[in-house]
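First up is the structure itself, then whatever we jot down about it.
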Amino acid sequence: MALDPVARLRQCCLRLPEVTERLTHGEPGFFVRDKKLFVMLDQHHHGAAHVGFWAAAPPGAQEALLAADPDR
C-alpha cells in the first residue's frame with residue numbers, strides 16, 4: 001500500500017539530518033535546525049481541492065525542471 005502524499009513528504013523530509021517539523025501558517029513545515037524553512041505543505045488550505053508543497057531550491061532550478069518535462 002502506497003503512502004499518502006503528505007505521509008510520503010513527511011517521511012522524505014524527516015530522514016534528512018537536523019530536520020524538524022512544526023506548523024507554519026497553519027500547515028506543516030519542515031525546518032533545518034528548527035530555524036530555516038525549506039519545505040512548506042499546502043494541504044487543502046482554505047478548502048482548496050489540491051495538495052502541494054513549496055520547496056527551497058537554488059536559482060534556475062524551476063526553469064530546469066520545466067524544461068526537462070514541460071507537460072508535468
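Convention: chains lettered A, B, ... in C-alpha cells order; per-chain residue numbering from 1; ligands numbered from 1 as shown.
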Name the residues of chain A that fall into strand (DSSP E or B) according to DSSP on the backbone, using the chain letters and numbers of this document, as a PDB file with all heavy atoms, in the first residue's frame.
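Output file part.pdb is given in full below:
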```
ATOM      1  N   VAL A  19      16.502  17.973  10.658  1.00  0.00           N
ATOM      2  CA  VAL A  19      15.210  18.484  10.203  1.00  0.00           C
ATOM      3  C   VAL A  19      14.151  18.255  11.279  1.00  0.00           C
ATOM      4  O   VAL A  19      14.075  17.185  11.880  1.00  0.00           O
ATOM      5  CB  VAL A  19      14.784  17.820   8.874  1.00  0.00           C
ATOM      6  CG1 VAL A  19      13.352  18.182   8.512  1.00  0.00           C
ATOM      7  CG2 VAL A  19      15.728  18.247   7.764  1.00  0.00           C
ATOM      8  N   THR A  20      13.356  19.282  11.505  1.00  0.00           N
ATOM      9  CA  THR A  20      12.222  19.192  12.421  1.00  0.00           C
ATOM     10  C   THR A  20      10.970  19.642  11.676  1.00  0.00           C
ATOM     11  O   THR A  20      11.046  20.321  10.661  1.00  0.00           O
ATOM     12  CB  THR A  20      12.425  20.084  13.662  1.00  0.00           C
ATOM     13  OG1 THR A  20      12.633  21.427  13.236  1.00  0.00           O
ATOM     14  CG2 THR A  20      13.603  19.613  14.501  1.00  0.00           C
ATOM     15  N   GLU A  21       9.836  19.251  12.222  1.00  0.00           N
ATOM     16  CA  GLU A  21       8.548  19.631  11.643  1.00  0.00           C
ATOM     17  C   GLU A  21       7.769  20.441  12.664  1.00  0.00           C
ATOM     18  O   GLU A  21       7.751  20.115  13.846  1.00  0.00           O
ATOM     19  CB  GLU A  21       7.749  18.386  11.282  1.00  0.00           C
ATOM     20  CG  GLU A  21       6.358  18.683  10.766  1.00  0.00           C
ATOM     21  CD  GLU A  21       5.540  17.430  10.478  1.00  0.00           C
ATOM     22  OE1 GLU A  21       6.082  16.319  10.544  1.00  0.00           O
ATOM     23  OE2 GLU A  21       4.338  17.577  10.206  1.00  0.00           O
ATOM     24  N   ARG A  22       7.139  21.507  12.184  1.00  0.00           N
ATOM     25  CA  ARG A  22       6.212  22.257  13.029  1.00  0.00           C
ATOM     26  C   ARG A  22       5.257  23.025  12.127  1.00  0.00           C
ATOM     27  O   ARG A  22       5.514  23.204  10.935  1.00  0.00           O
ATOM     28  CB  ARG A  22       6.927  23.168  14.007  1.00  0.00           C
ATOM     29  CG  ARG A  22       7.611  24.363  13.412  1.00  0.00           C
ATOM     30  CD  ARG A  22       8.132  25.293  14.531  1.00  0.00           C
ATOM     31  NE  ARG A  22       8.604  26.531  14.014  1.00  0.00           N
ATOM     32  CZ  ARG A  22       9.841  26.796  13.651  1.00  0.00           C
ATOM     33  NH1 ARG A  22      10.765  25.868  13.755  1.00  0.00           N
ATOM     34  NH2 ARG A  22      10.175  27.983  13.192  1.00  0.00           N
ATOM     35  N   LEU A  23       4.161  23.472  12.691  1.00  0.00           N
ATOM     36  CA  LEU A  23       3.187  24.226  11.916  1.00  0.00           C
ATOM     37  C   LEU A  23       3.728  25.599  11.557  1.00  0.00           C
ATOM     38  O   LEU A  23       4.384  26.255  12.374  1.00  0.00           O
ATOM     39  CB  LEU A  23       1.883  24.383  12.687  1.00  0.00           C
ATOM     40  CG  LEU A  23       1.039  23.139  12.866  1.00  0.00           C
ATOM     41  CD1 LEU A  23      -0.212  23.460  13.676  1.00  0.00           C
ATOM     42  CD2 LEU A  23       0.650  22.532  11.529  1.00  0.00           C
ATOM     43  N   THR A  24       3.421  26.020  10.351  1.00  0.00           N
ATOM     44  CA  THR A  24       3.728  27.365   9.898  1.00  0.00           C
ATOM     45  C   THR A  24       2.587  27.801   8.990  1.00  0.00           C
ATOM     46  O   THR A  24       2.209  27.068   8.072  1.00  0.00           O
ATOM     47  CB  THR A  24       5.094  27.450   9.178  1.00  0.00           C
ATOM     48  OG1 THR A  24       5.311  28.792   8.759  1.00  0.00           O
ATOM     49  CG2 THR A  24       5.216  26.522   8.003  1.00  0.00           C
ATOM     50  N   GLU A  27      -0.102  25.107   8.455  1.00  0.00           N
ATOM     51  CA  GLU A  27       0.236  23.891   7.704  1.00  0.00           C
ATOM     52  C   GLU A  27       1.584  23.356   8.193  1.00  0.00           C
ATOM     53  O   GLU A  27       2.416  24.120   8.681  1.00  0.00           O
ATOM     54  CB  GLU A  27       0.350  24.194   6.208  1.00  0.00           C
ATOM     55  CG  GLU A  27      -0.909  24.721   5.577  1.00  0.00           C
ATOM     56  CD  GLU A  27      -1.898  23.629   5.202  1.00  0.00           C
ATOM     57  OE1 GLU A  27      -1.655  22.440   5.501  1.00  0.00           O
ATOM     58  OE2 GLU A  27      -2.935  23.978   4.619  1.00  0.00           O
ATOM     59  N   PRO A  28       1.845  22.041   8.011  1.00  0.00           N
ATOM     60  CA  PRO A  28       3.150  21.513   8.388  1.00  0.00           C
ATOM     61  C   PRO A  28       4.271  22.150   7.576  1.00  0.00           C
ATOM     62  O   PRO A  28       4.134  22.367   6.373  1.00  0.00           O
ATOM     63  CB  PRO A  28       3.044  20.018   8.059  1.00  0.00           C
ATOM     64  CG  PRO A  28       1.586  19.718   8.111  1.00  0.00           C
ATOM     65  CD  PRO A  28       0.923  20.967   7.601  1.00  0.00           C
ATOM     66  N   GLY A  29       5.354  22.449   8.263  1.00  0.00           N
ATOM     67  CA  GLY A  29       6.556  22.961   7.620  1.00  0.00           C
ATOM     68  C   GLY A  29       7.750  22.191   8.138  1.00  0.00           C
ATOM     69  O   GLY A  29       7.734  21.656   9.246  1.00  0.00           O
ATOM     70  N   PHE A  30       8.793  22.135   7.327  1.00  0.00           N
ATOM     71  CA  PHE A  30       9.988  21.379   7.689  1.00  0.00           C
ATOM     72  C   PHE A  30      11.164  22.343   7.699  1.00  0.00           C
ATOM     73  O   PHE A  30      11.376  23.099   6.750  1.00  0.00           O
ATOM     74  CB  PHE A  30      10.196  20.222   6.707  1.00  0.00           C
ATOM     75  CG  PHE A  30       9.043  19.266   6.740  1.00  0.00           C
ATOM     76  CD1 PHE A  30       7.958  19.439   5.899  1.00  0.00           C
ATOM     77  CD2 PHE A  30       9.013  18.232   7.655  1.00  0.00           C
ATOM     78  CE1 PHE A  30       6.868  18.588   5.949  1.00  0.00           C
ATOM     79  CE2 PHE A  30       7.926  17.376   7.713  1.00  0.00           C
ATOM     80  CZ  PHE A  30       6.852  17.550   6.861  1.00  0.00           C
ATOM     81  N   PHE A  31      11.901  22.307   8.799  1.00  0.00           N
ATOM     82  CA  PHE A  31      12.939  23.294   9.085  1.00  0.00           C
ATOM     83  C   PHE A  31      14.276  22.603   9.329  1.00  0.00           C
ATOM     84  O   PHE A  31      14.328  21.519   9.900  1.00  0.00           O
ATOM     85  CB  PHE A  31      12.588  24.078  10.361  1.00  0.00           C
ATOM     86  CG  PHE A  31      11.350  24.914  10.233  1.00  0.00           C
ATOM     87  CD1 PHE A  31      10.092  24.345  10.347  1.00  0.00           C
ATOM     88  CD2 PHE A  31      11.447  26.280  10.011  1.00  0.00           C
ATOM     89  CE1 PHE A  31       8.945  25.117  10.235  1.00  0.00           C
ATOM     90  CE2 PHE A  31      10.304  27.065   9.899  1.00  0.00           C
ATOM     91  CZ  PHE A  31       9.057  26.483  10.013  1.00  0.00           C
ATOM     92  N   VAL A  32      15.354  23.277   8.922  1.00  0.00           N
ATOM     93  CA  VAL A  32      16.705  22.834   9.242  1.00  0.00           C
ATOM     94  C   VAL A  32      17.106  23.506  10.536  1.00  0.00           C
ATOM     95  O   VAL A  32      16.981  24.735  10.670  1.00  0.00           O
ATOM     96  CB  VAL A  32      17.694  23.203   8.114  1.00  0.00           C
ATOM     97  CG1 VAL A  32      19.115  22.810   8.501  1.00  0.00           C
ATOM     98  CG2 VAL A  32      17.280  22.542   6.812  1.00  0.00           C
ATOM     99  N   LYS A  36      15.458  27.349   9.663  1.00  0.00           N
ATOM    100  CA  LYS A  36      15.305  27.708   8.250  1.00  0.00           C
ATOM    101  C   LYS A  36      14.280  26.795   7.570  1.00  0.00           C
ATOM    102  O   LYS A  36      14.496  25.592   7.421  1.00  0.00           O
ATOM    103  CB  LYS A  36      16.648  27.614   7.527  1.00  0.00           C
ATOM    104  CG  LYS A  36      16.559  28.100   6.107  1.00  0.00           C
ATOM    105  CD  LYS A  36      17.916  28.208   5.478  1.00  0.00           C
ATOM    106  CE  LYS A  36      17.734  28.755   4.074  1.00  0.00           C
ATOM    107  NZ  LYS A  36      18.967  29.069   3.428  1.00  0.00           N
ATOM    108  N   LEU A  37      13.175  27.386   7.160  1.00  0.00           N
ATOM    109  CA  LEU A  37      12.119  26.653   6.470  1.00  0.00           C
ATOM    110  C   LEU A  37      12.594  26.261   5.078  1.00  0.00           C
ATOM    111  O   LEU A  37      13.072  27.100   4.320  1.00  0.00           O
ATOM    112  CB  LEU A  37      10.867  27.541   6.356  1.00  0.00           C
ATOM    113  CG  LEU A  37       9.668  26.973   5.625  1.00  0.00           C
ATOM    114  CD1 LEU A  37       9.068  25.807   6.386  1.00  0.00           C
ATOM    115  CD2 LEU A  37       8.625  28.058   5.420  1.00  0.00           C
ATOM    116  N   PHE A  38      12.493  24.954   4.731  1.00  0.00           N
ATOM    117  CA  PHE A  38      12.885  24.542   3.395  1.00  0.00           C
ATOM    118  C   PHE A  38      11.775  23.825   2.636  1.00  0.00           C
ATOM    119  O   PHE A  38      11.841  23.711   1.411  1.00  0.00           O
ATOM    120  CB  PHE A  38      14.179  23.716   3.410  1.00  0.00           C
ATOM    121  CG  PHE A  38      14.010  22.287   3.870  1.00  0.00           C
ATOM    122  CD1 PHE A  38      13.931  21.258   2.947  1.00  0.00           C
ATOM    123  CD2 PHE A  38      13.944  21.990   5.213  1.00  0.00           C
ATOM    124  CE1 PHE A  38      13.788  19.951   3.359  1.00  0.00           C
ATOM    125  CE2 PHE A  38      13.805  20.684   5.640  1.00  0.00           C
ATOM    126  CZ  PHE A  38      13.725  19.654   4.708  1.00  0.00           C
ATOM    127  N   VAL A  39      10.742  23.357   3.329  1.00  0.00           N
ATOM    128  CA  VAL A  39       9.558  22.784   2.679  1.00  0.00           C
ATOM    129  C   VAL A  39       8.329  23.188   3.480  1.00  0.00           C
ATOM    130  O   VAL A  39       8.317  23.091   4.708  1.00  0.00           O
ATOM    131  CB  VAL A  39       9.620  21.241   2.583  1.00  0.00           C
ATOM    132  CG1 VAL A  39       8.319  20.657   2.080  1.00  0.00           C
ATOM    133  CG2 VAL A  39      10.758  20.796   1.684  1.00  0.00           C
ATOM    134  N   MET A  40       7.302  23.644   2.768  1.00  0.00           N
ATOM    135  CA  MET A  40       6.038  24.015   3.400  1.00  0.00           C
ATOM    136  C   MET A  40       4.907  23.314   2.663  1.00  0.00           C
ATOM    137  O   MET A  40       4.852  23.330   1.440  1.00  0.00           O
ATOM    138  CB  MET A  40       5.833  25.524   3.331  1.00  0.00           C
ATOM    139  CG  MET A  40       4.611  25.981   4.071  1.00  0.00           C
ATOM    140  SD  MET A  40       4.594  27.791   4.102  1.00  0.00           S
ATOM    141  CE  MET A  40       2.850  28.050   4.012  1.00  0.00           C
ATOM    142  N   LEU A  41       4.027  22.687   3.399  1.00  0.00           N
ATOM    143  CA  LEU A  41       2.919  21.929   2.833  1.00  0.00           C
ATOM    144  C   LEU A  41       1.708  22.819   2.594  1.00  0.00           C
ATOM    145  O   LEU A  41       1.454  23.762   3.343  1.00  0.00           O
ATOM    146  CB  LEU A  41       2.544  20.806   3.809  1.00  0.00           C
ATOM    147  CG  LEU A  41       1.525  19.788   3.336  1.00  0.00           C
ATOM    148  CD1 LEU A  41       2.022  19.031   2.123  1.00  0.00           C
ATOM    149  CD2 LEU A  41       1.207  18.833   4.456  1.00  0.00           C
ATOM    150  N   ASP A  42       0.971  22.517   1.548  1.00  0.00           N
ATOM    151  CA  ASP A  42      -0.308  23.163   1.235  1.00  0.00           C
ATOM    152  C   ASP A  42      -1.317  22.034   1.095  1.00  0.00           C
ATOM    153  O   ASP A  42      -1.456  21.431   0.043  1.00  0.00           O
ATOM    154  CB  ASP A  42      -0.191  23.973  -0.056  1.00  0.00           C
ATOM    155  CG  ASP A  42      -1.502  24.644  -0.450  1.00  0.00           C
ATOM    156  OD1 ASP A  42      -2.476  24.548   0.306  1.00  0.00           O
ATOM    157  OD2 ASP A  42      -1.549  25.249  -1.521  1.00  0.00           O
ATOM    158  N   GLN A  43      -1.983  21.720   2.181  1.00  0.00           N
ATOM    159  CA  GLN A  43      -2.875  20.562   2.262  1.00  0.00           C
ATOM    160  C   GLN A  43      -4.323  21.022   2.330  1.00  0.00           C
ATOM    161  O   GLN A  43      -4.873  21.213   3.399  1.00  0.00           O
ATOM    162  CB  GLN A  43      -2.495  19.733   3.500  1.00  0.00           C
ATOM    163  CG  GLN A  43      -3.281  18.498   3.702  1.00  0.00           C
ATOM    164  CD  GLN A  43      -2.768  17.719   4.888  1.00  0.00           C
ATOM    165  OE1 GLN A  43      -2.215  16.670   4.696  1.00  0.00           O
ATOM    166  NE2 GLN A  43      -2.925  18.205   6.094  1.00  0.00           N
ATOM    167  N   VAL A  51      -3.430  19.306  -3.030  1.00  0.00           N
ATOM    168  CA  VAL A  51      -2.371  19.159  -2.034  1.00  0.00           C
ATOM    169  C   VAL A  51      -1.079  19.468  -2.782  1.00  0.00           C
ATOM    170  O   VAL A  51      -0.850  18.960  -3.877  1.00  0.00           O
ATOM    171  CB  VAL A  51      -2.311  17.734  -1.457  1.00  0.00           C
ATOM    172  CG1 VAL A  51      -1.104  17.559  -0.555  1.00  0.00           C
ATOM    173  CG2 VAL A  51      -3.579  17.403  -0.699  1.00  0.00           C
ATOM    174  N   GLY A  52      -0.260  20.322  -2.213  1.00  0.00           N
ATOM    175  CA  GLY A  52       1.005  20.665  -2.845  1.00  0.00           C
ATOM    176  C   GLY A  52       2.010  21.090  -1.804  1.00  0.00           C
ATOM    177  O   GLY A  52       1.726  21.067  -0.611  1.00  0.00           O
ATOM    178  N   PHE A  53       3.194  21.453  -2.263  1.00  0.00           N
ATOM    179  CA  PHE A  53       4.203  21.951  -1.331  1.00  0.00           C
ATOM    180  C   PHE A  53       5.145  22.893  -2.058  1.00  0.00           C
ATOM    181  O   PHE A  53       5.260  22.871  -3.277  1.00  0.00           O
ATOM    182  CB  PHE A  53       4.976  20.807  -0.668  1.00  0.00           C
ATOM    183  CG  PHE A  53       5.854  20.013  -1.594  1.00  0.00           C
ATOM    184  CD1 PHE A  53       7.180  20.358  -1.765  1.00  0.00           C
ATOM    185  CD2 PHE A  53       5.359  18.914  -2.275  1.00  0.00           C
ATOM    186  CE1 PHE A  53       8.004  19.639  -2.613  1.00  0.00           C
ATOM    187  CE2 PHE A  53       6.163  18.181  -3.123  1.00  0.00           C
ATOM    188  CZ  PHE A  53       7.490  18.539  -3.293  1.00  0.00           C
ATOM    189  N   TRP A  54       5.784  23.728  -1.272  1.00  0.00           N
ATOM    190  CA  TRP A  54       6.835  24.611  -1.764  1.00  0.00           C
ATOM    191  C   TRP A  54       8.141  24.070  -1.205  1.00  0.00           C
ATOM    192  O   TRP A  54       8.199  23.680  -0.040  1.00  0.00           O
ATOM    193  CB  TRP A  54       6.656  26.033  -1.242  1.00  0.00           C
ATOM    194  CG  TRP A  54       5.491  26.751  -1.803  1.00  0.00           C
ATOM    195  CD1 TRP A  54       5.465  27.532  -2.929  1.00  0.00           C
ATOM    196  CD2 TRP A  54       4.164  26.785  -1.278  1.00  0.00           C
ATOM    197  NE1 TRP A  54       4.207  28.034  -3.127  1.00  0.00           N
ATOM    198  CE2 TRP A  54       3.382  27.591  -2.120  1.00  0.00           C
ATOM    199  CE3 TRP A  54       3.551  26.205  -0.185  1.00  0.00           C
ATOM    200  CZ2 TRP A  54       2.038  27.835  -1.897  1.00  0.00           C
ATOM    201  CZ3 TRP A  54       2.208  26.436   0.038  1.00  0.00           C
ATOM    202  CH2 TRP A  54       1.476  27.248  -0.814  1.00  0.00           C
ATOM    203  N   ALA A  55       9.178  24.094  -2.006  1.00  0.00           N
ATOM    204  CA  ALA A  55      10.488  23.627  -1.548  1.00  0.00           C
ATOM    205  C   ALA A  55      11.553  24.641  -1.967  1.00  0.00           C
ATOM    206  O   ALA A  55      11.504  25.158  -3.088  1.00  0.00           O
ATOM    207  CB  ALA A  55      10.805  22.264  -2.135  1.00  0.00           C
TER     208      ALA A  55
END
```
Please measure the separation of CA of His50 (chain A) and CA of Lys35 (chain A), giving the value in Å to one decimal.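 Separating CA of His50 (chain A) from CA of Lys35 (chain A) is a distance of 27.1 Å.
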